[in-house]
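Structure first, then comments.
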Amino acid sequence: MTQPPRCLSLDQWDRRYAELCAAGMREPSYGGCLRRHVEDGDDRLLHLKMDDSPAALRLWNFLLSEEDRLREAQASGKRLVGAMKDLGTVPVMVYALDNLIAFYPDGAWWLPCIMEHGDGLLRIADSLGVDDSFCPVRAMLGAFENEAHFPIPELLVSSVGATCDDFSAIAQRLEAMGHPIFWWEIPHRRPPEPDEPSVLLPGMFRAAQSQVAFVQSELERVRRRLEEYAGKSLSDDDLSAGIHRANLVRRKLATLREIVFKAARAPLPSLEMLVAEMLAIHFCSDQYECLVVLDELIAEAGRRAVDDVGVTDEEAVRVFWVNPVADLRVMNLLEDAGGRICGTEYLFSHALDLLPQHVPPMEALARAALADPMVGSARDRAARVCRDMRAFGAEALVVSRIPGASHCAMEGPLIRDVVRRELGVPVLEIEVPTLIDTMTPTLQTRLEALVETVKRGRV
Ligand code: SF4
């Protein structure tokens, strides 16, 4: 019988870690006590509650050791590629070359939260003229300027075109700071004309064949630049093998989501599920280890589901969550309020969808890039949210806005209206700043009200 799981504070995790070590737990090279990350400045861990399993420990250590991993890769002779904005497509191409490693410098947007502003990145962005009228992705500028986080890649590749104003402005500022960027264009995904040849994209949308061909030609330019940088060719066979490996990760994430979102009691907390889903976009800089981390989470979640134990009770309200949160602590608040996650759309659902393997690899990548929820209309995004809410039996929707983010100024109300009309469920729209400390009571109350509204509607 599996012990009922608990979410632990960092102090409790110290004791749990000692117990696991005494019981003979074996860890990978990046393993260790979570406390050491606080000593490195990751102070937010002091205010999070984390799942008590060895699988979760491995997940957190994998996430929080990424900067070390990138430096080790660079020291071993591998070359780094900073992929930007497309969230999931360019890294598949990069990892098809065995001497390159891709990561997203945009991921620096979580550093001000993880380090509770001890990083000073937003202050540096302010001094560079990119103030808090922009979304927290501006933290990336600070990380390039002080070079205290990820190693600076010699090659930056960014999508442009159907991207938000914030990202365009921030990336252009980065280039003006002396970091050249290789741009490739992604057009706005439009509905095909009635008689226009079209193809089905991963996920649920169709795109005009001409748009797919255009994106493919842009990705061919990326391919040539990567070949030049790697000093070797990137064949279709290499790309097909890369797509196969990316799909292994995506299949495992689909299995994990299926187990966790459909179990009677949530076998894993919302916070760890958010971190796990993020692995899809660039495999946390180690594609093989990413598979092992996911295998352990699947095994733990599966055991708990079979034994009918979880981090929530059966009454917990099943919530679908749209947009990632700037402060990870909000995911703890949801469970404290009596909710649980049953479905997500964190801006990168196209990185979770399987890449097509029945078409030539460059076409498959072009189709995946066009399936990005952020290159289509908010109406498309709302339709996908409705479909996935039905599939996971979600009883409520939370749309969390990101401060200053141009992508969500108007889409929140639109998604809310479509979901209310189509599914008739309660919808809550909240704004989540980088640190929620002063707003915790308000957010808690609003989440509790959502939970109560759903529960009242059940009887
Ligand atoms: S506005 Fe939204 S999509 Fe654009 S960079 Fe910021 S968080 Fe990402």
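Chain labels A, B, ... are given in the sequence in which chains occur in the structure tokens; within each chain residues are numbered consecutively from 1, and ligands are likewise numbered from 1 in the order shown.
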At a cut-off of 9 Å, using only C-alpha atoms, what residues contact Ile430 in chain A? Leave out same-chain residues fewer than 5 positions from it and give the result as an mmCIF file with C-alpha atoms, in the first residue's frame.
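Below is the file part28.cif, written as the result:
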data_model
loop_
_atom_site.group_PDB
_atom_site.id
_atom_site.type_symbol
_atom_site.label_atom_id
_atom_site.label_comp_id
_atom_site.auth_asym_id
_atom_site.auth_seq_id
_atom_site.Cartn_x
_atom_site.Cartn_y
_atom_site.Cartn_z
ATOM 1 C CA VAL A 398 -8.712 29.910 -14.224
ATOM 2 C CA VAL A 399 -7.097 32.375 -16.631
ATOM 3 C CA SER A 400 -4.020 33.818 -14.963
ATOM 4 C CA ARG A 401 -2.800 37.048 -16.490
ATOM 5 C CA ILE A 402 0.903 37.888 -16.610
ATOM 6 C CA LEU A 443 -5.804 35.345 -4.382
ATOM 7 C CA ARG A 446 -10.799 34.333 -4.953
#
Notebook entry, point to check: Please, which residues have at least one atom within 6 Å of an atom of ligand 1, using only C-alpha atoms and all ligand atoms, listed as a VMD selection string?
Noted result: chain A and resid 135 137 164 166 to 167 405 to 407
Could you take the residues named above and write them with N, CA and C atoms, as a PDB file, in the first residue's frame?
ATOM      1  N   CYS A 135       6.305  42.552 -19.982  1.00  0.00           N
ATOM      2  CA  CYS A 135       6.088  41.351 -19.171  1.00  0.00           C
ATOM      3  C   CYS A 135       7.418  40.884 -18.559  1.00  0.00           C
ATOM      4  N   VAL A 137       9.356  38.620 -19.015  1.00  0.00           N
ATOM      5  CA  VAL A 137      10.385  38.066 -19.907  1.00  0.00           C
ATOM      6  C   VAL A 137      11.548  39.059 -20.051  1.00  0.00           C
ATOM      7  N   CYS A 164       4.245  38.327 -29.808  1.00  0.00           N
ATOM      8  CA  CYS A 164       3.684  39.432 -29.027  1.00  0.00           C
ATOM      9  C   CYS A 164       4.608  40.660 -29.103  1.00  0.00           C
ATOM     10  N   ASP A 166       5.661  42.469 -26.657  1.00  0.00           N
ATOM     11  CA  ASP A 166       6.698  42.428 -25.614  1.00  0.00           C
ATOM     12  C   ASP A 166       7.932  41.711 -26.126  1.00  0.00           C
ATOM     13  N   PHE A 167       7.711  40.535 -26.682  1.00  0.00           N
ATOM     14  CA  PHE A 167       8.883  39.751 -27.064  1.00  0.00           C
ATOM     15  C   PHE A 167       9.645  40.421 -28.190  1.00  0.00           C
ATOM     16  N   ALA A 405       1.889  41.768 -19.803  1.00  0.00           N
ATOM     17  CA  ALA A 405       1.990  40.929 -21.003  1.00  0.00           C
ATOM     18  C   ALA A 405       1.004  41.373 -22.078  1.00  0.00           C
ATOM     19  N   SER A 406       1.535  41.716 -23.243  1.00  0.00           N
ATOM     20  CA  SER A 406       0.647  42.172 -24.315  1.00  0.00           C
ATOM     21  C   SER A 406      -0.173  41.019 -24.872  1.00  0.00           C
ATOM     22  N   HIS A 407       0.292  39.771 -24.680  1.00  0.00           N
ATOM     23  CA  HIS A 407      -0.470  38.669 -25.276  1.00  0.00           C
ATOM     24  C   HIS A 407      -1.809  38.474 -24.593  1.00  0.00           C
TER      25      HIS A 407
END
Check: Counting only C-alpha atoms, what is within 7 Å of Ser270 in chain A, bar same-chain residues fewer than 4 positions away, as number ranges by chain?
Finding: A: 274, 331, 340-341
Would you mind exporting N, CA and C atoms of the selected residues as a compact mmCIF listing (two decimals), in the first residue's frame?
# COMPACT_ATOMS: atom_id res chain seq x y z
N LEU A 274 3.30 21.43 -13.33
CA LEU A 274 3.74 22.59 -14.14
C LEU A 274 5.21 22.44 -14.53
N MET A 331 0.44 27.85 -7.48
CA MET A 331 -0.02 26.48 -7.69
C MET A 331 -0.29 25.78 -6.34
N ARG A 340 -7.71 21.45 -7.71
CA ARG A 340 -6.63 20.63 -8.27
C ARG A 340 -6.61 20.91 -9.77
N ILE A 341 -5.48 20.64 -10.39
CA ILE A 341 -5.37 20.90 -11.83
C ILE A 341 -5.87 19.69 -12.61
Check: So, counting only C-alpha atoms, which residue among A:Pro426, A:Gly231, A:Gly203, A:Pro136 is closest to Glu345 in chain A?
Finding: A:Gly203
Note to self: Could you list, as a PyMOL selection string, every residue within 7 Å of range 44-58 of chain A, counting only C-alpha atoms and ignoring same-chain residues fewer than 6 positions away?
What the structure shows: chain A and resi 5-10+31+38+113-116+269+272+293+296-297+300+329+332
Checklist line | Shell around Arg189 in chain A at 8 Å using only C-alpha atoms, local window under 5 positions removed, as a PyMOL selection string | finding: chain A and resi 207+211+370+375-377
Check: Any idea what the distance is between CA of Ala83 in chain A and CA of Phe103 in chain A?
Finding: 5.9 Å
Mind the document's chain letters and residue numbers, and return as a PDB file with C-alpha atoms, in the first residue's frame the residues of range 262-332 of chain A that DSSP labels strand (DSSP E).
ATOM      1  CA  VAL A 317     -12.586  20.949  -7.662  1.00  0.00           C
ATOM      2  CA  ARG A 318     -11.199  20.086 -11.093  1.00  0.00           C
ATOM      3  CA  VAL A 319      -9.665  23.244 -12.529  1.00  0.00           C
ATOM      4  CA  PHE A 320      -8.297  23.907 -16.006  1.00  0.00           C
ATOM      5  CA  TRP A 321      -5.510  26.514 -15.926  1.00  0.00           C
ATOM      6  CA  VAL A 322      -4.602  28.903 -18.757  1.00  0.00           C
TER       7      VAL A 322
END
Margin query: Can you pull out the residues contacting range 248-255 of chain A? Cut-off 8 Å, using only C-alpha atoms, and skip same-chain residues under 3 positions away; I want them as a ChimeraX atom specification.
Written below: /A:244-245,258-259,276-277,280,290-291,294-295,298,351-354
Go ahead and write the residues just picked, C-alpha atoms, as a CSV table (one decimal), in the first residue's frame.
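Result file follows (result-v8.csv):
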chain,number,residue,atom,x,y,z
A,244,HIS,CA,11.2,10.4,-32.7
A,245,ARG,CA,13.1,11.3,-29.5
A,258,GLU,CA,-3.7,11.4,-18.4
A,259,ILE,CA,-2.9,9.6,-15.1
A,276,ALA,CA,7.1,18.5,-15.6
A,277,GLU,CA,5.2,20.1,-18.5
A,280,ALA,CA,8.7,19.5,-23.1
A,290,CYS,CA,14.4,14.2,-19.2
A,291,LEU,CA,13.0,10.8,-20.1
A,294,LEU,CA,9.4,11.6,-16.5
A,295,ASP,CA,9.5,7.8,-16.1
A,298,ILE,CA,4.8,8.3,-14.2
A,351,ALA,CA,5.2,21.4,-27.5
A,352,LEU,CA,3.0,18.6,-25.9
A,353,ASP,CA,1.3,17.5,-29.2
A,354,LEU,CA,3.0,14.7,-31.1
Note to self: Report as a list of chain:residue names all protein, DNA and RNA residues lying within 7 Å of Ala371 in chain A, evaluated on only C-alpha atoms, omitting residues in the same chain fewer than 2 positions from it.
What the structure shows: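 What passes the distance filter is A:Leu201, A:Pro202, A:Gly203, A:His350, A:Arg367, A:Ala368, A:Ala369, A:Pro373.
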Residues from last step as file, N, CA and C atoms, as a compact mmCIF listing (two decimals), in the first residue's frame:
# COMPACT_ATOMS: atom_id res chain seq x y z
N LEU A 201 -3.00 20.24 -38.50
CA LEU A 201 -1.82 20.47 -37.67
C LEU A 201 -1.88 19.58 -36.44
N PRO A 202 -0.76 19.38 -35.74
CA PRO A 202 -0.84 18.71 -34.43
C PRO A 202 -1.82 19.52 -33.56
N GLY A 203 -2.53 18.86 -32.68
CA GLY A 203 -3.56 19.59 -31.92
C GLY A 203 -4.87 19.45 -32.63
N HIS A 350 1.51 23.28 -28.16
CA HIS A 350 2.07 22.66 -29.38
C HIS A 350 3.34 21.85 -29.06
N ARG A 367 4.59 22.22 -39.49
CA ARG A 367 3.22 22.05 -38.99
C ARG A 367 3.16 22.31 -37.49
N ALA A 368 4.19 21.80 -36.77
CA ALA A 368 4.20 21.99 -35.31
C ALA A 368 4.33 23.47 -34.96
N ALA A 369 5.20 24.17 -35.69
CA ALA A 369 5.40 25.60 -35.39
C ALA A 369 4.10 26.37 -35.60
N PRO A 373 -0.23 27.90 -30.00
CA PRO A 373 -1.45 28.64 -29.66
C PRO A 373 -1.26 30.15 -29.79
Next item on the list: Would you please work out which residue, of A:Glu289, A:Asp14, A:Glu175, A:Asp165, is nearest to Phe134 in chain A when using only C-alpha atoms?
Entry: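 Smallest distance to Phe134 in chain A is found for A:Asp165.
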Checklist line | Those of range 43-259 of chain A in DSSP helix (DSSP H, G or I), formatted as a PyMOL selection string | finding: chain A and resi 43-47+54-64+66-75+90-94+105-114+121-127+136-146+165-176+209-230+236-259
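Relative to CA of Arg190 in chain A, CA of Gly424 in chain A is found at 27.7 Å.
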Check: Looking at only C-alpha atoms, which of A:Glu185, A:Asp68, A:Asp131, A:Asp380 is the one that sits closest to Gln216 in chain A?
Finding: A:Glu185
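When only C-alpha atoms are used to measure the gap to Tyr288 in chain A, the shortest distance among A:Leu174, A:Ala266, A:Ala102, A:Ala246 belongs to A:Ala246.
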Notebook entry, point to check: What gap, in Å, lies between CA of Gly161 in chain A and CA of Gly129 in chain A?
Noted result: 22.8 Å
Note to self: Here is a test: counting only C-alpha atoms, which residue of A:Gly77, A:Gly178, A:Gly338, A:Gly142 is nearest to Ala449 in chain A?
What the structure shows: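 The answer is A:Gly338, which sits nearest to Ala449 in chain A.
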